[in-house]
Amino acid sequence: MIVFLVEEVSMADFLSELLPRLAPELDFLCVPHQGKRDLEKSLTRKLRSWKMPDSFVAMRDQDSGDCHAIKASLRALCEQGRRPDSLVRIVCRELEAWYVGDVEALAEAFPDAERRIRTSLKKPRFRDPDSVVQPAKALAKLIPSFQKRTAARAMGRLVSRSNRSRSFQVFLAGIDRLQAESRS
């Protein structure tokens, strides 16, 4: 089993819909936290006390922080938790950037705003989904019906492997690798 230790419930909602579609054989559990501080505060303790020999993925948003520093900090916490082989993934900038990376899925999830989505997401600001500052706020302005948890579930059902977000692609490659290792 792969245990995903994630910063918030919307990420757990997203993964709970996404992973059965893109990795149907994957046995997983999502453990959401009440934000990045809660995740970081409890990560070492949870990893140390976990009884099963499961694999772990620690995930959090980059927000405005330094990606490399955040990843190094999470890796250090995993090492302190005696699980140095845990996979650490940083979502650049935040989960909603992964939505920006799949215009087709976003348009399908929010048909009431399809025209605005297709027009706005062609602008240079949105070409690199991982560089969009505060994508959740940008999507909320663009899509009147946008709500984090509802969007997470809908987008988890629709986002494809061809997503333009580099951090999404790195995430998928890590999951594929963990799956391959568990089979051998």
# chains A, B, ... in the order shown; residues from 1 in each chain; ligands from 1

$ residues_around --residues "A:Ser167" --least-positions-apart "2" --cutoff "7 Å" --atoms "only C-alpha atoms" --output "mmCIF file with N, CA and C atoms, in the first residue's frame"
data_model
loop_
_atom_site.group_PDB
_atom_site.id
_atom_site.type_symbol
_atom_site.label_atom_id
_atom_site.label_comp_id
_atom_site.auth_asym_id
_atom_site.auth_seq_id
_atom_site.Cartn_x
_atom_site.Cartn_y
_atom_site.Cartn_z
ATOM 1 N N VAL A 91 3.806 20.287 -5.036
ATOM 2 C CA VAL A 91 2.868 20.724 -6.065
ATOM 3 C C VAL A 91 3.169 22.195 -6.356
ATOM 4 N N CYS A 92 3.605 22.477 -7.581
ATOM 5 C CA CYS A 92 3.965 23.849 -7.961
ATOM 6 C C CYS A 92 2.732 24.551 -8.525
ATOM 7 N N ASP A 130 2.699 25.715 -13.782
ATOM 8 C CA ASP A 130 3.431 25.715 -12.517
ATOM 9 C C ASP A 130 3.932 27.096 -12.106
ATOM 10 N N SER A 165 1.299 20.510 -16.699
ATOM 11 C CA SER A 165 2.041 20.868 -15.489
ATOM 12 C C SER A 165 3.240 19.937 -15.300
ATOM 13 N N GLN A 169 3.527 15.953 -13.885
ATOM 14 C CA GLN A 169 4.247 14.891 -14.581
ATOM 15 C C GLN A 169 5.284 14.226 -13.669
ATOM 16 N N VAL A 170 5.965 15.018 -12.855
ATOM 17 C CA VAL A 170 6.946 14.478 -11.907
ATOM 18 C C VAL A 170 6.229 13.624 -10.858
ATOM 19 N N PHE A 171 5.064 14.087 -10.413
ATOM 20 C CA PHE A 171 4.255 13.316 -9.465
ATOM 21 C C PHE A 171 3.885 11.958 -10.064
#

$ closest_atom_pairs --of "stretch 38-63 of chain A" --to "stretch 10-31 of chain A" --cutoff "10 Å" --atoms "only C-alpha atoms" --output "Markdown table"
| residue | atom | partner | partner_atom | distance |
| --- | --- | --- | --- | --- |
| A:Leu39 | CA | A:Val31 | CA | 9.6 |
| A:Asp54 | CA | A:Phe28 | CA | 9.5 |
| A:Ser55 | CA | A:Phe28 | CA | 9.3 |
| A:Phe56 | CA | A:Phe28 | CA | 9.6 |
| A:Val57 | CA | A:Cys30 | CA | 9.5 |
| A:Ala58 | CA | A:Val31 | CA | 9.8 |
| A:Met59 | CA | A:Met11 | CA | 8.9 |
| A:Arg60 | CA | A:Met11 | CA | 8.8 |
| A:Asp61 | CA | A:Met11 | CA | 9.6 |

$ residues_around --residues "A:Arg45" --least-positions-apart "6" --cutoff "10 Å" --atoms "only C-alpha atoms" --output "JSON list (two decimals) with C-alpha atoms, in the first residue's frame"
[["chain", "number", "residue", "atom", "x", "y", "z"],
["A", 77, "LEU", "CA", 11.46, 14.97, 8.35],
["A", 78, "CYS", "CA", 11.05, 11.62, 6.53],
["A", 80, "GLN", "CA", 13.85, 11.59, 11.16],
["A", 81, "GLY", "CA", 10.75, 9.40, 10.88],
["A", 82, "ARG", "CA", 12.99, 6.48, 9.86]]

$ select_by_dssp --residues "stretch 4-46 of chain A" --states "strand (DSSP E)" --output "ChimeraX atom specification"
/A:4-6,28-32

$ residues_around --residues "stretch 114-125 of chain A" --least-positions-apart "3" --cutoff "8 Å" --atoms "only C-alpha atoms" --output "PyMOL selection string"
chain A and resi 100+103+106-108+110-111+128+132+142-143

$ write_last_selection --atoms "N, CA and C atoms" --output "short mmCIF file (atom, residue, chain, number, x, y, z; two decimals), in the first residue's frame"
data_model
loop_
_atom_site.label_atom_id
_atom_site.label_comp_id
_atom_site.auth_asym_id
_atom_site.auth_seq_id
_atom_site.Cartn_x
_atom_site.Cartn_y
_atom_site.Cartn_z
N VAL A 100 -5.11 23.99 -14.23
CA VAL A 100 -4.77 24.90 -15.33
C VAL A 100 -4.01 24.13 -16.41
N VAL A 103 -6.70 22.08 -19.78
CA VAL A 103 -7.82 22.96 -20.17
C VAL A 103 -9.06 22.15 -20.53
N LEU A 106 -10.77 21.01 -17.38
CA LEU A 106 -11.36 22.15 -16.68
C LEU A 106 -12.64 22.61 -17.38
N ALA A 107 -12.61 22.66 -18.70
CA ALA A 107 -13.80 23.06 -19.47
C ALA A 107 -14.93 22.05 -19.29
N GLU A 108 -14.59 20.77 -19.22
CA GLU A 108 -15.61 19.74 -19.01
C GLU A 108 -16.18 19.80 -17.59
N PHE A 110 -16.44 22.43 -15.70
CA PHE A 110 -17.18 23.67 -15.49
C PHE A 110 -17.77 24.16 -16.82
N PRO A 111 -18.77 23.45 -17.34
CA PRO A 111 -19.33 23.82 -18.65
C PRO A 111 -19.96 25.22 -18.66
N ASP A 128 2.51 28.29 -18.68
CA ASP A 128 3.24 27.38 -17.80
C ASP A 128 2.43 27.27 -16.51
N VAL A 132 1.97 29.89 -12.47
CA VAL A 132 0.81 30.76 -12.19
C VAL A 132 0.77 31.04 -10.68
N LEU A 142 -12.31 33.36 -12.61
CA LEU A 142 -12.69 32.91 -13.95
C LEU A 142 -13.98 32.07 -13.94
N ILE A 143 -14.16 31.30 -12.87
CA ILE A 143 -15.27 30.35 -12.79
C ILE A 143 -16.12 30.69 -11.56
#

$ residues_around --residues "A:Gln34" --least-positions-apart "2" --cutoff "10 Å" --atoms "only C-alpha atoms" --output "PDB file with N, CA and C atoms, in the first residue's frame"
ATOM      1  N   VAL A   6      -0.905  14.171   2.905  1.00  0.00           N
ATOM      2  CA  VAL A   6      -1.133  15.393   2.133  1.00  0.00           C
ATOM      3  C   VAL A   6      -1.532  16.543   3.043  1.00  0.00           C
ATOM      4  N   GLU A   7      -1.325  17.746   2.546  1.00  0.00           N
ATOM      5  CA  GLU A   7      -1.509  18.937   3.370  1.00  0.00           C
ATOM      6  C   GLU A   7      -2.968  19.290   3.654  1.00  0.00           C
ATOM      7  N   GLU A   8      -3.871  18.917   2.761  1.00  0.00           N
ATOM      8  CA  GLU A   8      -5.254  19.321   2.971  1.00  0.00           C
ATOM      9  C   GLU A   8      -6.225  18.326   2.355  1.00  0.00           C
ATOM     10  N   VAL A   9      -7.465  18.430   2.763  1.00  0.00           N
ATOM     11  CA  VAL A   9      -8.485  17.477   2.341  1.00  0.00           C
ATOM     12  C   VAL A   9      -8.788  17.565   0.844  1.00  0.00           C
ATOM     13  N   PRO A  32      -5.196  13.192   5.001  1.00  0.00           N
ATOM     14  CA  PRO A  32      -5.140  14.652   4.889  1.00  0.00           C
ATOM     15  C   PRO A  32      -4.791  15.301   6.229  1.00  0.00           C
ATOM     16  N   LYS A  36      -0.216  22.873   5.807  1.00  0.00           N
ATOM     17  CA  LYS A  36       1.184  22.450   5.710  1.00  0.00           C
ATOM     18  C   LYS A  36       1.874  22.375   7.061  1.00  0.00           C
ATOM     19  N   ARG A  37       1.540  23.264   7.983  1.00  0.00           N
ATOM     20  CA  ARG A  37       2.157  23.213   9.318  1.00  0.00           C
ATOM     21  C   ARG A  37       1.781  21.925  10.052  1.00  0.00           C
ATOM     22  N   ASP A  38       0.521  21.551   9.952  1.00  0.00           N
ATOM     23  CA  ASP A  38       0.062  20.308  10.580  1.00  0.00           C
ATOM     24  C   ASP A  38       0.776  19.108   9.957  1.00  0.00           C
ATOM     25  N   LEU A  39       0.892  19.086   8.645  1.00  0.00           N
ATOM     26  CA  LEU A  39       1.600  18.005   7.954  1.00  0.00           C
ATOM     27  C   LEU A  39       3.043  17.918   8.448  1.00  0.00           C
TER      28      LEU A  39
END

$ atom_distance --atom1 "atom CA of A:Ile90" --atom2 "atom CA of A:Ala173"
13.1 Å

$ closest_residue --among "A:Arg127, A:Ala154, A:Pro53, A:Ile2" --to "A:Asp176" --atoms "only C-alpha atoms"
A:Ile2

$ atom_distance --atom1 "atom CA of A:Lys41" --atom2 "atom CA of A:Glu96"
24.1 Å

$ select_by_dssp --residues "chain A" --states "helix (DSSP H, G or I)" --output "PyMOL selection string"
chain A and resi 9-22+36-49+67-80+95-100+103-109+111-120+124-126+129-131+135-142+148-158+166-183

$ atom_distance --atom1 "atom CA of A:Gln134" --atom2 "atom CA of A:Asp63"
7.5 Å

$ closest_residue --among "A:Val3, A:Ala69, A:Ala151, A:Val159" --to "A:Leu47" --atoms "only C-alpha atoms"
A:Val3
